[in-house]
$ cat protein35.txt   # compact mmCIF, C-alpha atoms
# COMPACT_ATOMS: atom_id res chain seq x y z
CA MET A 1 12.48 -119.81 -49.26
CA PRO A 2 13.06 -122.26 -46.37
CA HIS A 3 10.73 -125.25 -46.27
CA SER A 4 9.46 -124.26 -42.83
CA ASP A 5 8.06 -121.04 -44.31
CA GLU A 6 5.99 -122.79 -46.95
CA GLY A 7 2.36 -121.78 -46.71
CA ARG A 8 3.20 -119.37 -43.90
CA ARG A 9 0.60 -116.98 -42.57
CA ALA A 10 1.07 -114.11 -40.17
CA GLY A 11 0.13 -115.29 -36.69
CA ARG A 12 -0.82 -118.77 -37.84
CA SER A 13 0.89 -122.01 -38.78
CA GLU A 14 0.91 -123.35 -42.32
CA PRO A 15 -2.39 -124.65 -43.75
CA PRO A 16 -3.68 -127.99 -42.49
CA THR A 17 -2.35 -131.07 -44.26
CA ILE A 18 -4.91 -133.61 -45.42
CA SER A 19 -4.03 -137.00 -46.88
CA THR A 20 -5.02 -137.84 -50.44
CA ALA A 21 -6.82 -140.92 -49.09
CA ALA A 22 -8.99 -138.76 -46.79
CA LEU A 23 -9.76 -136.35 -49.61
CA ASP A 24 -10.68 -139.15 -51.99
CA ARG A 25 -12.82 -140.91 -49.37
CA ASP A 26 -15.03 -137.92 -48.51
CA PRO A 27 -14.10 -134.84 -50.55
CA HIS A 28 -17.33 -132.96 -49.98
CA GLY A 29 -17.18 -133.52 -46.23
CA VAL A 30 -13.51 -132.51 -45.95
CA PHE A 31 -14.02 -129.37 -48.03
CA ARG A 32 -17.23 -128.43 -46.19
CA ARG A 33 -15.51 -128.64 -42.82
CA HIS A 34 -12.46 -126.71 -43.94
CA ARG A 35 -14.08 -123.90 -45.98
CA ILE A 36 -15.16 -122.20 -42.77
CA LEU A 37 -11.66 -122.53 -41.29
CA THR A 38 -9.17 -121.89 -44.07
CA PRO A 39 -8.99 -120.90 -47.75
CA LEU A 40 -6.22 -123.41 -48.35
CA ILE A 41 -5.22 -126.94 -47.43
CA LYS A 42 -2.12 -128.95 -48.25
CA ARG A 43 -1.82 -132.54 -49.41
CA GLU A 44 0.85 -134.86 -48.12
CA ASP A 45 2.45 -134.83 -51.59
CA GLY A 46 3.20 -131.11 -51.13
CA ALA A 47 0.47 -129.75 -53.40
CA TYR A 48 -1.61 -126.81 -52.19
CA VAL A 49 -5.39 -127.07 -52.64
CA VAL A 50 -7.46 -123.88 -52.99
CA ILE A 51 -11.02 -124.49 -51.76
CA LEU A 52 -12.94 -121.18 -51.82
CA ALA A 53 -14.86 -120.24 -54.99
CA GLU A 54 -13.59 -116.66 -55.05
CA ASP A 55 -9.96 -117.79 -54.94
CA VAL A 56 -10.49 -120.61 -57.45
CA GLU A 57 -12.03 -118.24 -59.99
CA ARG A 58 -9.33 -115.60 -59.47
CA LEU A 59 -6.33 -117.92 -59.60
CA ALA A 60 -7.51 -119.89 -62.64
CA THR A 61 -6.27 -117.09 -64.88
CA ASP A 62 -3.75 -115.41 -62.56
CA PRO A 63 -0.56 -114.72 -64.58
CA ARG A 64 1.51 -115.68 -61.53
CA THR A 65 0.41 -119.26 -62.21
CA ARG A 66 0.64 -121.43 -65.28
CA GLN A 67 -0.86 -124.72 -66.36
CA LEU A 68 0.71 -127.76 -64.74
CA GLU A 69 3.17 -129.43 -67.12
CA THR A 70 5.12 -132.55 -66.06
CA GLU A 71 5.50 -131.64 -62.37
CA LEU A 72 2.86 -134.09 -61.10
CA LEU A 73 4.50 -136.95 -62.98
CA GLN A 74 7.92 -135.99 -61.68
CA SER A 75 6.53 -135.99 -58.13
CA ARG A 76 5.58 -139.64 -58.78
CA GLY A 77 9.08 -140.45 -60.05
CA VAL A 78 8.19 -140.48 -63.77
CA SER A 79 10.66 -138.79 -66.11
CA GLU A 80 10.46 -140.90 -69.28
CA GLY A 81 8.24 -143.32 -71.17
CA ALA A 82 4.94 -143.12 -73.04
CA LEU A 83 3.07 -141.52 -70.14
CA PHE A 84 5.74 -138.85 -69.77
CA ASP A 85 5.59 -138.22 -73.54
CA PHE A 86 1.83 -137.73 -73.28
CA TYR A 87 2.18 -135.14 -70.53
CA LYS A 88 5.13 -133.40 -72.19
CA ASN A 89 3.48 -133.06 -75.61
CA SER A 90 -0.26 -132.67 -74.92
CA MET A 91 -2.05 -129.34 -75.18
CA LEU A 92 -3.55 -130.20 -71.77
CA PHE A 93 -0.20 -129.70 -70.05
CA SER A 94 1.40 -126.88 -72.03
CA ASN A 95 1.54 -123.12 -71.94
CA GLY A 96 2.00 -120.10 -74.18
CA PRO A 97 3.03 -120.70 -77.82
CA ASP A 98 3.25 -124.47 -77.35
CA HIS A 99 -0.33 -124.60 -76.12
CA ARG A 100 -1.60 -122.42 -78.98
CA ARG A 101 0.22 -124.49 -81.61
CA ARG A 102 -1.13 -127.75 -80.27
CA ARG A 103 -4.71 -126.63 -79.78
CA ALA A 104 -5.20 -124.67 -83.03
CA PRO A 105 -5.60 -127.61 -85.46
CA LEU A 106 -8.39 -129.06 -83.31
CA SER A 107 -10.45 -125.95 -82.60
CA ARG A 108 -12.50 -126.05 -85.79
CA VAL A 109 -13.91 -129.54 -85.31
CA PHE A 110 -15.30 -128.59 -81.88
CA ALA A 111 -16.88 -125.32 -83.03
CA SER A 112 -20.40 -124.74 -81.66
CA ARG A 113 -22.05 -124.76 -85.09
CA LEU A 114 -20.56 -128.10 -86.08
CA ILE A 115 -21.51 -129.69 -82.76
CA ALA A 116 -25.08 -128.36 -83.09
CA GLU A 117 -25.30 -130.17 -86.42
CA LEU A 118 -24.20 -133.37 -84.64
CA ARG A 119 -27.06 -133.32 -82.12
CA PRO A 120 -29.51 -135.38 -84.18
CA ARG A 121 -26.84 -138.02 -84.70
CA ILE A 122 -26.03 -138.08 -80.96
CA ARG A 123 -29.73 -138.58 -80.23
CA THR A 124 -30.00 -141.38 -82.78
CA ILE A 125 -27.04 -143.27 -81.33
CA ALA A 126 -28.45 -142.88 -77.81
CA GLU A 127 -31.80 -144.26 -78.94
CA LYS A 128 -30.12 -147.21 -80.67
CA LEU A 129 -28.19 -148.03 -77.52
CA ILE A 130 -31.46 -148.11 -75.58
CA ASP A 131 -33.16 -150.21 -78.27
CA SER A 132 -30.33 -152.75 -78.16
CA VAL A 133 -31.03 -153.58 -74.50
CA TYR A 134 -34.71 -152.65 -74.14
CA ALA A 135 -36.03 -156.23 -74.27
CA GLN A 136 -33.74 -157.22 -71.38
CA GLY A 137 -35.45 -154.81 -68.98
CA GLU A 138 -32.15 -153.86 -67.35
CA MET A 139 -28.55 -152.86 -68.12
CA ASN A 140 -25.24 -151.84 -66.67
CA PHE A 141 -25.73 -148.13 -67.28
CA LEU A 142 -22.05 -147.20 -67.14
CA ASP A 143 -20.83 -149.85 -69.59
CA GLN A 144 -23.83 -150.26 -71.89
CA PHE A 145 -24.90 -146.65 -72.29
CA ALA A 146 -22.78 -143.94 -70.65
CA ALA A 147 -19.45 -145.29 -71.92
CA LEU A 148 -20.62 -146.16 -75.42
CA LEU A 149 -22.36 -142.93 -76.39
CA PRO A 150 -19.37 -140.52 -76.12
CA ALA A 151 -16.94 -143.16 -77.43
CA ARG A 152 -19.02 -143.72 -80.55
CA ILE A 153 -19.44 -140.01 -81.13
CA ILE A 154 -15.71 -139.32 -80.88
CA SER A 155 -15.17 -142.27 -83.22
CA GLU A 156 -17.49 -140.72 -85.78
CA ILE A 157 -15.89 -137.30 -85.44
CA LEU A 158 -12.42 -138.71 -85.99
CA GLY A 159 -13.47 -141.28 -88.58
CA LEU A 160 -12.69 -144.40 -86.51
CA PRO A 161 -14.55 -147.70 -86.99
CA ASP A 162 -17.11 -148.59 -84.31
CA THR A 163 -15.34 -151.93 -83.93
CA ASP A 164 -12.33 -150.07 -82.51
CA VAL A 165 -14.31 -148.64 -79.56
CA PRO A 166 -13.65 -151.55 -77.16
CA ARG A 167 -10.00 -151.51 -78.21
CA PHE A 168 -9.20 -147.88 -77.49
CA THR A 169 -11.54 -147.25 -74.55
CA GLY A 170 -9.75 -149.80 -72.36
CA TRP A 171 -6.49 -147.93 -72.88
CA VAL A 172 -8.21 -144.58 -72.34
CA TYR A 173 -9.64 -145.59 -68.97
CA GLN A 174 -6.21 -146.74 -67.81
CA LEU A 175 -4.37 -143.66 -69.10
CA SER A 176 -6.88 -141.24 -67.59
CA ARG A 177 -5.96 -142.51 -64.11
CA ALA A 178 -2.84 -140.36 -64.51
CA LEU A 179 -5.05 -137.29 -64.91
CA SER A 180 -5.97 -137.34 -61.23
CA ALA A 181 -4.10 -136.67 -58.01
CA SER A 182 -4.79 -140.18 -56.73
CA PHE A 183 -2.45 -142.32 -58.79
CA THR A 184 0.76 -143.56 -57.19
CA HIS A 185 4.20 -144.66 -58.36
CA GLU A 186 2.99 -148.26 -58.18
CA ASP A 187 0.24 -147.52 -60.73
CA VAL A 188 2.67 -146.13 -63.30
CA PRO A 189 3.71 -149.33 -65.19
CA GLU A 190 0.10 -150.20 -66.04
CA ILE A 191 -0.75 -146.62 -67.01
CA ASP A 192 2.43 -146.27 -69.05
CA ALA A 193 1.60 -149.46 -70.98
CA ALA A 194 -1.86 -148.09 -71.80
CA ALA A 195 -0.30 -144.82 -72.98
CA ALA A 196 2.07 -146.76 -75.24
CA HIS A 197 -0.77 -148.83 -76.74
CA LEU A 198 -2.96 -145.79 -77.36
CA THR A 199 -0.11 -143.81 -78.92
CA ALA A 200 0.74 -146.72 -81.21
CA TYR A 201 -2.93 -147.03 -82.21
CA VAL A 202 -3.08 -143.34 -83.17
CA SER A 203 0.20 -143.67 -85.05
CA GLU A 204 -1.36 -146.43 -87.15
CA LEU A 205 -4.44 -144.29 -87.82
CA LEU A 206 -2.45 -141.27 -89.00
CA ALA A 207 -0.17 -143.45 -91.15
CA SER A 208 -3.24 -144.96 -92.82
CA ARG A 209 -4.61 -141.49 -93.64
CA ARG A 210 -1.30 -140.42 -95.13
CA ALA A 211 -1.21 -143.55 -97.27
CA ALA A 212 -4.91 -143.46 -98.27
CA PRO A 213 -6.59 -140.08 -97.60
CA ARG A 214 -10.32 -140.07 -96.80
CA SER A 215 -13.02 -137.43 -96.39
CA ASP A 216 -12.73 -137.34 -92.60
CA PHE A 217 -11.27 -135.25 -89.82
CA LEU A 218 -8.07 -137.25 -89.39
CA THR A 219 -7.14 -136.75 -93.04
CA SER A 220 -7.81 -133.01 -92.85
CA TYR A 221 -5.83 -132.87 -89.60
CA VAL A 222 -2.82 -134.58 -91.19
CA VAL A 223 -2.97 -132.20 -94.18
CA ALA A 224 -3.32 -129.10 -91.99
CA VAL A 225 -0.45 -130.11 -89.71
CA GLU A 226 1.83 -130.83 -92.64
CA GLN A 227 0.97 -127.51 -94.30
CA GLU A 228 1.58 -125.53 -91.12
CA ASP A 229 4.71 -127.56 -90.36
CA ASN A 230 4.76 -126.40 -86.73
CA LEU A 231 4.09 -129.64 -84.82
CA SER A 232 6.67 -132.34 -84.28
CA PRO A 233 5.68 -135.95 -85.12
CA ILE A 234 5.13 -136.78 -81.44
CA GLU A 235 3.05 -133.62 -80.91
CA THR A 236 0.94 -134.52 -83.95
CA LEU A 237 0.22 -137.92 -82.41
CA ILE A 238 -0.41 -136.78 -78.86
CA GLN A 239 -3.06 -134.19 -79.74
CA ILE A 240 -5.23 -136.95 -81.21
CA VAL A 241 -4.54 -139.14 -78.18
CA THR A 242 -5.67 -136.17 -76.07
CA VAL A 243 -8.92 -135.81 -78.03
CA ILE A 244 -9.71 -139.53 -77.70
CA VAL A 245 -9.05 -139.46 -73.95
CA GLY A 246 -11.01 -136.24 -73.40
CA GLY A 247 -13.87 -137.38 -75.61
CA SER A 248 -14.33 -140.78 -74.00
CA ASP A 249 -13.80 -140.79 -70.24
CA THR A 250 -15.12 -137.74 -68.42
CA THR A 251 -18.46 -137.73 -70.23
CA ARG A 252 -19.23 -141.37 -69.34
CA THR A 253 -18.72 -140.53 -65.67
CA ALA A 254 -20.79 -137.35 -65.90
CA MET A 255 -23.60 -139.17 -67.72
CA THR A 256 -23.73 -141.93 -65.12
CA MET A 257 -23.86 -139.53 -62.18
CA GLN A 258 -26.39 -137.32 -63.96
CA ALA A 259 -28.79 -140.24 -64.31
CA ALA A 260 -28.08 -141.46 -60.77
CA LEU A 261 -28.76 -138.06 -59.21
CA LEU A 262 -32.02 -137.61 -61.09
CA LEU A 263 -33.20 -141.12 -60.27
CA GLN A 264 -32.36 -140.57 -56.59
CA HIS A 265 -34.39 -137.35 -56.69
CA ARG A 266 -37.43 -138.94 -58.29
CA ASP A 267 -39.54 -135.80 -58.39
CA GLN A 268 -36.87 -134.11 -60.48
CA TRP A 269 -36.56 -137.11 -62.84
CA ASP A 270 -40.33 -137.07 -63.30
CA ALA A 271 -40.26 -133.32 -63.91
CA VAL A 272 -37.71 -133.76 -66.71
CA CYS A 273 -39.84 -136.54 -68.21
CA GLN A 274 -42.80 -134.17 -68.30
CA ASP A 275 -40.87 -131.10 -69.49
CA THR A 276 -37.72 -131.63 -71.54
CA ALA A 277 -37.02 -127.88 -71.40
CA LEU A 278 -35.57 -128.71 -67.95
CA ILE A 279 -32.81 -130.83 -69.49
CA PRO A 280 -30.10 -128.12 -69.85
CA GLY A 281 -30.59 -127.10 -66.22
CA ALA A 282 -30.48 -130.72 -65.09
CA VAL A 283 -27.18 -131.21 -66.93
CA SER A 284 -25.65 -128.07 -65.41
CA GLU A 285 -26.77 -129.02 -61.92
CA ALA A 286 -25.43 -132.58 -62.14
CA LEU A 287 -22.09 -131.23 -63.38
CA ARG A 288 -22.00 -128.90 -60.36
CA TYR A 289 -23.22 -131.29 -57.71
CA GLU A 290 -21.01 -134.28 -58.55
CA PRO A 291 -18.53 -133.29 -61.26
CA SER A 292 -16.46 -135.76 -63.27
CA VAL A 293 -13.48 -133.37 -63.10
CA GLY A 294 -12.66 -131.99 -59.67
CA SER A 295 -9.96 -129.37 -60.14
CA ILE A 296 -7.90 -127.08 -62.34
CA PRO A 297 -4.18 -127.98 -62.18
CA ARG A 298 -1.88 -124.95 -61.90
CA PHE A 299 1.73 -124.29 -60.96
CA THR A 300 3.01 -121.21 -59.13
CA CYS A 301 5.55 -119.04 -60.95
CA GLN A 302 6.15 -116.84 -57.90
CA ASP A 303 5.04 -116.55 -54.28
CA ILE A 304 1.27 -116.00 -54.10
CA GLU A 305 -0.83 -114.94 -51.15
CA VAL A 306 -4.09 -116.85 -50.68
CA GLY A 307 -6.22 -115.59 -47.83
CA GLY A 308 -3.16 -114.56 -45.86
CA TYR A 309 -1.15 -117.72 -46.50
CA VAL A 310 1.83 -117.53 -48.84
CA VAL A 311 2.11 -120.33 -51.38
CA PRO A 312 5.75 -120.47 -52.51
CA SER A 313 6.90 -120.33 -56.10
CA ASP A 314 7.35 -123.61 -57.99
CA ARG A 315 4.56 -125.52 -56.26
CA ILE A 316 1.60 -127.49 -57.58
CA LEU A 317 -1.57 -125.48 -56.95
CA SER A 318 -4.78 -127.49 -57.27
CA LEU A 319 -7.79 -125.21 -57.72
CA SER A 320 -10.65 -127.28 -56.36
CA THR A 321 -13.67 -126.65 -58.56
CA LEU A 322 -15.26 -129.54 -56.65
CA SER A 323 -15.13 -127.45 -53.48
CA ALA A 324 -15.91 -124.15 -55.22
CA MET A 325 -19.14 -125.54 -56.68
CA ARG A 326 -20.35 -126.40 -53.16
CA ASP A 327 -19.28 -123.03 -51.72
CA PRO A 328 -22.27 -121.16 -50.22
CA ALA A 329 -20.60 -117.92 -51.29
CA LEU A 330 -21.27 -118.94 -54.91
CA TYR A 331 -24.41 -121.09 -54.68
CA ALA A 332 -27.49 -120.90 -52.48
CA GLU A 333 -28.05 -124.15 -50.56
CA PRO A 334 -25.07 -125.74 -52.34
CA ASP A 335 -25.58 -129.20 -50.86
CA SER A 336 -29.06 -129.44 -52.35
CA PHE A 337 -29.51 -130.96 -55.82
CA ASN A 338 -31.88 -128.63 -57.65
CA ILE A 339 -32.25 -128.72 -61.43
CA ARG A 340 -34.25 -125.48 -61.35
CA ARG A 341 -31.56 -123.39 -59.65
CA THR A 342 -30.88 -120.05 -61.30
CA ASP A 343 -27.51 -119.17 -59.77
CA HIS A 344 -25.15 -121.03 -62.11
CA PRO A 345 -22.35 -118.74 -63.33
CA ARG A 346 -22.51 -117.92 -67.04
CA ARG A 347 -19.40 -120.04 -67.59
CA HIS A 348 -19.64 -123.31 -65.69
CA LEU A 349 -16.57 -123.94 -63.51
CA VAL A 350 -16.42 -127.65 -64.33
CA PHE A 351 -15.03 -126.82 -67.80
CA GLY A 352 -12.13 -124.77 -66.48
CA ALA A 353 -11.17 -121.22 -67.37
CA GLY A 354 -9.06 -119.04 -69.62
CA VAL A 355 -7.16 -120.37 -72.62
CA HIS A 356 -7.24 -123.89 -71.16
CA ARG A 357 -11.03 -124.02 -70.91
CA CYS A 358 -12.24 -127.42 -72.11
CA LEU A 359 -12.15 -127.66 -75.90
CA GLY A 360 -14.95 -130.23 -75.85
CA GLU A 361 -17.39 -128.31 -73.63
CA VAL A 362 -20.05 -127.89 -76.32
CA LEU A 363 -19.76 -131.53 -77.37
CA ALA A 364 -19.98 -132.78 -73.77
CA ARG A 365 -23.12 -130.73 -73.14
CA ALA A 366 -24.66 -131.98 -76.37
CA GLU A 367 -23.98 -135.61 -75.43
CA LEU A 368 -25.28 -135.18 -71.89
CA GLU A 369 -28.42 -133.36 -73.04
CA GLU A 370 -29.26 -135.63 -75.98
CA GLY A 371 -28.47 -138.75 -73.97
CA LEU A 372 -30.80 -137.63 -71.20
CA ALA A 373 -33.51 -136.69 -73.71
CA ALA A 374 -33.40 -140.20 -75.18
CA LEU A 375 -33.59 -141.79 -71.73
CA VAL A 376 -36.59 -139.80 -70.48
CA GLU A 377 -38.46 -140.39 -73.74
CA ARG A 378 -37.79 -144.12 -74.04
CA LEU A 379 -37.42 -145.13 -70.40
CA PRO A 380 -39.52 -142.78 -68.21
CA GLN A 381 -39.95 -145.54 -65.59
CA LEU A 382 -36.20 -146.12 -65.27
CA ARG A 383 -35.06 -147.18 -61.79
CA VAL A 384 -31.74 -147.81 -60.07
CA ALA A 385 -31.53 -151.56 -59.51
CA GLY A 386 -29.30 -152.02 -56.48
CA PRO A 387 -27.01 -149.53 -54.75
CA PRO A 388 -26.46 -146.15 -56.39
CA PRO A 389 -23.01 -145.48 -57.85
CA THR A 390 -20.21 -143.92 -55.85
CA MET A 391 -17.80 -141.27 -57.08
CA PHE A 392 -14.11 -141.59 -56.22
CA GLY A 393 -11.44 -138.91 -56.20
CA HIS A 394 -11.15 -135.24 -55.29
CA ALA A 395 -9.01 -133.74 -58.07
CA GLY A 396 -8.51 -134.16 -61.80
CA ILE A 397 -10.57 -136.86 -63.49
CA ARG A 398 -12.79 -138.64 -60.98
CA ARG A 399 -14.15 -142.18 -61.22
CA VAL A 400 -17.56 -143.74 -60.78
CA ASP A 401 -18.43 -147.37 -60.15
CA ALA A 402 -21.08 -149.36 -61.97
CA MET A 403 -24.80 -148.66 -61.79
CA ARG A 404 -27.45 -151.17 -62.79
CA VAL A 405 -30.78 -149.80 -63.91
CA SER A 406 -34.08 -151.49 -64.80
CA TRP A 407 -37.41 -150.65 -66.38
CA PRO A 408 -40.75 -152.42 -66.96
CA ARG A 409 -40.92 -154.11 -70.34

$ encode --input "protein35.txt" --output "structure tokens"
Amino acid sequence: MPHSDEGRRAGRSEPPTISTAALDRDPHGVFRRHRILTPLIKREDGAYVVILAEDVERLATDPRTRQLETELLQSRGVSEGALFDFYKNSMLFSNGPDHRRRRAPLSRVFASRLIAELRPRIRTIAEKLIDSVYAQGEMNFLDQFAALLPARIISEILGLPDTDVPRFTGWVYQLSRALSASFTHEDVPEIDAAAAHLTAYVSELLASRRAAPRSDFLTSYVVAVEQEDNLSPIETLIQIVTVIVGGSDTTRTAMTMQAALLLQHRDQWDAVCQDTALIPGAVSEALRYEPSVGSIPRFTCQDIEVGGYVVPSDRILSLSTLSAMRDPALYAEPDSFNIRRTDHPRRHLVFGAGVHRCLGEVLARAELEEGLAALVERLPQLRVAGPPPTMFGHAGIRRVDAMRVSWPR
């Protein structure tokens, strides 16, 4: 198909092109203005962005698309190295039998029943984090609470020492920059170095379990993989890297924005303090209103019509859940933050769809709910001290800046 026909629509030109910088700067504003004009926009890197909820939900499992593999990296000029190995071997960026093989050994540990049993421990860790800073009367919420809670939980699940948390989280936060649409070729050396460090760290962990088995998940994982004998050595490593990345970064961002949104809507914070039955709804609404993951990454296997436009085969197709969750066709008054809303879909869009739906959904909800429960019980007079945090990014993993909070001692 000639380039000039890309995104063609009968009687109209191709969809409007929006720069990544503009999308990152004001994603909600850009999507709000364009939803009434077009179902589709195009980024300057050639990716197509689907912005209507109906199309996002439909295309997330459309067999004419598949999960993005290494195409985004290749568009940034990356075809080798530790970062490329991560993309090439992770269950996040694989399809069909490869995806099933890579995901299967991890499914049991994230089963709903096992995560439910973890809730008291999550609550205890959250309370201890609060106790450790309570006398100070203030803290950096992102670094001293939101980052530490999920990192310590994933450490316990995998059997990692708490002392390793600062070591691996720094690499995780660098590597996860490559899980967004905003990174550039210039960012690659730093991200690639972080991927290499994290992969080497996991290699050491698995080697230690082979040499001296323990009663923990990593040992059982090594045994299961060796018995099945269907993962290569690099695949075996990268699935654990994937779990550490997924279990550390997105939840810290979600937890920070959840607290910020509630504290900026004081009546709703106070309502949760008075009635903790509102916590699950507050978590769902914060995930909708300002999600830590903004899109589902797909790739077209053939030409696909979207609202009259034709997206050609072999193109990156970003399904904007960020836009879909502010679409008035899906939510009433979508730009209002309302923890009591009753129109959330049964399966929250922020966790994806189909066979690639987030493996850690139940764990993330448990951490967000138990973390919030600890905060409202111990710190009901919590306040934002200074400017509220800002979210960055429009697709993939988004970022949040620091938030200082205070409370009367």

$ closest_residue --input "protein35.txt" --among "A:Met391, A:Ile41, A:Leu23, A:Ala286" --to "Ser336 in chain A" --atoms "all atoms listed in the file"
A:Ala286

$ closest_residue --input "protein35.txt" --among "A:Pro280, A:Arg409, A:Ile157, A:Arg32" --to "Met325 in chain A" --atoms "all atoms listed in the file"
A:Arg32

$ closest_residue --input "protein35.txt" --among "A:Leu68, A:Ala353, A:Leu175, A:Ala135" --to "Pro408 in chain A" --atoms "all atoms listed in the file"
A:Ala135

$ closest_residue --input "protein35.txt" --among "A:Arg121, A:His28, A:Arg58, A:Arg76" --to "Glu370 in chain A" --atoms "all atoms listed in the file"
A:Arg121

$ closest_residue --input "protein35.txt" --among "A:Ala116, A:Ile51, A:Leu231, A:Val243" --to "Arg102 in chain A" --atoms "only C-alpha atoms"
A:Leu231

$ residues_around --input "protein35.txt" --residues "Gln268 in chain A" --least-positions-apart "2" --cutoff "10 Å" --atoms "only C-alpha atoms" --output "list in words"
Leu261, Leu262, Leu263, Gln264, His265, Arg266, Asp270, Ala271, Val272, Cys273, Gln274, Leu278, Ala282, Phe337, Asn338, Ile339 and Arg340 of chain A

$ residues_around --input "protein35.txt" --residues "Ser232 in chain A" --least-positions-apart "3" --cutoff "12 Å" --atoms "all atoms listed in the file" --output "VMD selection string"
chain A and resid 89 to 90 98 101 to 102 222 225 to 226 228 to 229 235 to 239

$ atom_distance --input "protein35.txt" --atom1 "CA of Asp24 in chain A" --atom2 "CA of Val405 in chain A"
25.7 Å

$ closest_residue --input "protein35.txt" --among "A:Asp343, A:Glu305, A:Asp335, A:Asp85" --to "Gly281 in chain A" --atoms "all atoms listed in the file"
A:Asp343

$ residues_around --input "protein35.txt" --residues "Ala329 in chain A" --least-positions-apart "4" --cutoff "12 Å" --atoms "only C-alpha atoms" --output "list in words"
Arg35, Ile36, Ile51, Leu52, Ala53, Glu54, Asp55, Ser323, Ala324, Met325, Glu333, Pro334 and Asp343 of chain A

$ residues_around --input "protein35.txt" --residues "Leu379 in chain A" --least-positions-apart "6" --cutoff "9 Å" --atoms "only C-alpha atoms" --output "ChimeraX atom specification"
/A:130,134,407-408

$ axis_aligned_box --input "protein35.txt" --around "range 303-319 of chain A" --padding-each-side "5 Å" --output "JSON"
{"center_x": -0.2, "center_y": -121.0, "center_z": -51.9, "size_x": 25.1, "size_y": 22.9, "size_z": 22.1}

$ atom_distance --input "protein35.txt" --atom1 "CA of Glu80 in chain A" --atom2 "CA of His99 in chain A"
20.7 Å

$ residues_around --input "protein35.txt" --residues "His185 in chain A" --least-positions-apart "6" --cutoff "12 Å" --atoms "all atoms listed in the file" --output "ChimeraX atom specification"
/A:72-79,177-178,191-192

$ write_last_selection --input "protein35.txt" --atoms "C-alpha atoms" --output "PDB file, keeping the file's coordinate frame"
ATOM      1  CA  LEU A  72       2.860-134.090 -61.100  1.00  0.00           C
ATOM      2  CA  LEU A  73       4.500-136.950 -62.980  1.00  0.00           C
ATOM      3  CA  GLN A  74       7.920-135.990 -61.680  1.00  0.00           C
ATOM      4  CA  SER A  75       6.530-135.990 -58.130  1.00  0.00           C
ATOM      5  CA  ARG A  76       5.580-139.640 -58.780  1.00  0.00           C
ATOM      6  CA  GLY A  77       9.080-140.450 -60.050  1.00  0.00           C
ATOM      7  CA  VAL A  78       8.190-140.480 -63.770  1.00  0.00           C
ATOM      8  CA  SER A  79      10.660-138.790 -66.110  1.00  0.00           C
ATOM      9  CA  ARG A 177      -5.960-142.510 -64.110  1.00  0.00           C
ATOM     10  CA  ALA A 178      -2.840-140.360 -64.510  1.00  0.00           C
ATOM     11  CA  ILE A 191      -0.750-146.620 -67.010  1.00  0.00           C
ATOM     12  CA  ASP A 192       2.430-146.270 -69.050  1.00  0.00           C
TER      13      ASP A 192
END

$ atom_distance --input "protein35.txt" --atom1 "CA of Trp171 in chain A" --atom2 "CA of Ala194 in chain A"
4.8 Å

$ residues_near_point --input "protein35.txt" --point "(-2.5, -151.3, -74.3)" --cutoff "10 Å" --atoms "all atoms listed in the file" --output "short mmCIF file (atom, residue, chain, number, x, y, z; two decimals) with C-alpha atoms, keeping the file's coordinate frame"
data_model
loop_
_atom_site.label_atom_id
_atom_site.label_comp_id
_atom_site.auth_asym_id
_atom_site.auth_seq_id
_atom_site.Cartn_x
_atom_site.Cartn_y
_atom_site.Cartn_z
CA ARG A 167 -10.00 -151.51 -78.21
CA PHE A 168 -9.20 -147.88 -77.49
CA THR A 169 -11.54 -147.25 -74.55
CA GLY A 170 -9.75 -149.80 -72.36
CA TRP A 171 -6.49 -147.93 -72.88
CA VAL A 172 -8.21 -144.58 -72.34
CA GLN A 174 -6.21 -146.74 -67.81
CA LEU A 175 -4.37 -143.66 -69.10
CA GLU A 190 0.10 -150.20 -66.04
CA ILE A 191 -0.75 -146.62 -67.01
CA ASP A 192 2.43 -146.27 -69.05
CA ALA A 193 1.60 -149.46 -70.98
CA ALA A 194 -1.86 -148.09 -71.80
CA ALA A 195 -0.30 -144.82 -72.98
CA ALA A 196 2.07 -146.76 -75.24
CA HIS A 197 -0.77 -148.83 -76.74
CA LEU A 198 -2.96 -145.79 -77.36
CA THR A 199 -0.11 -143.81 -78.92
CA ALA A 200 0.74 -146.72 -81.21
CA TYR A 201 -2.93 -147.03 -82.21
#
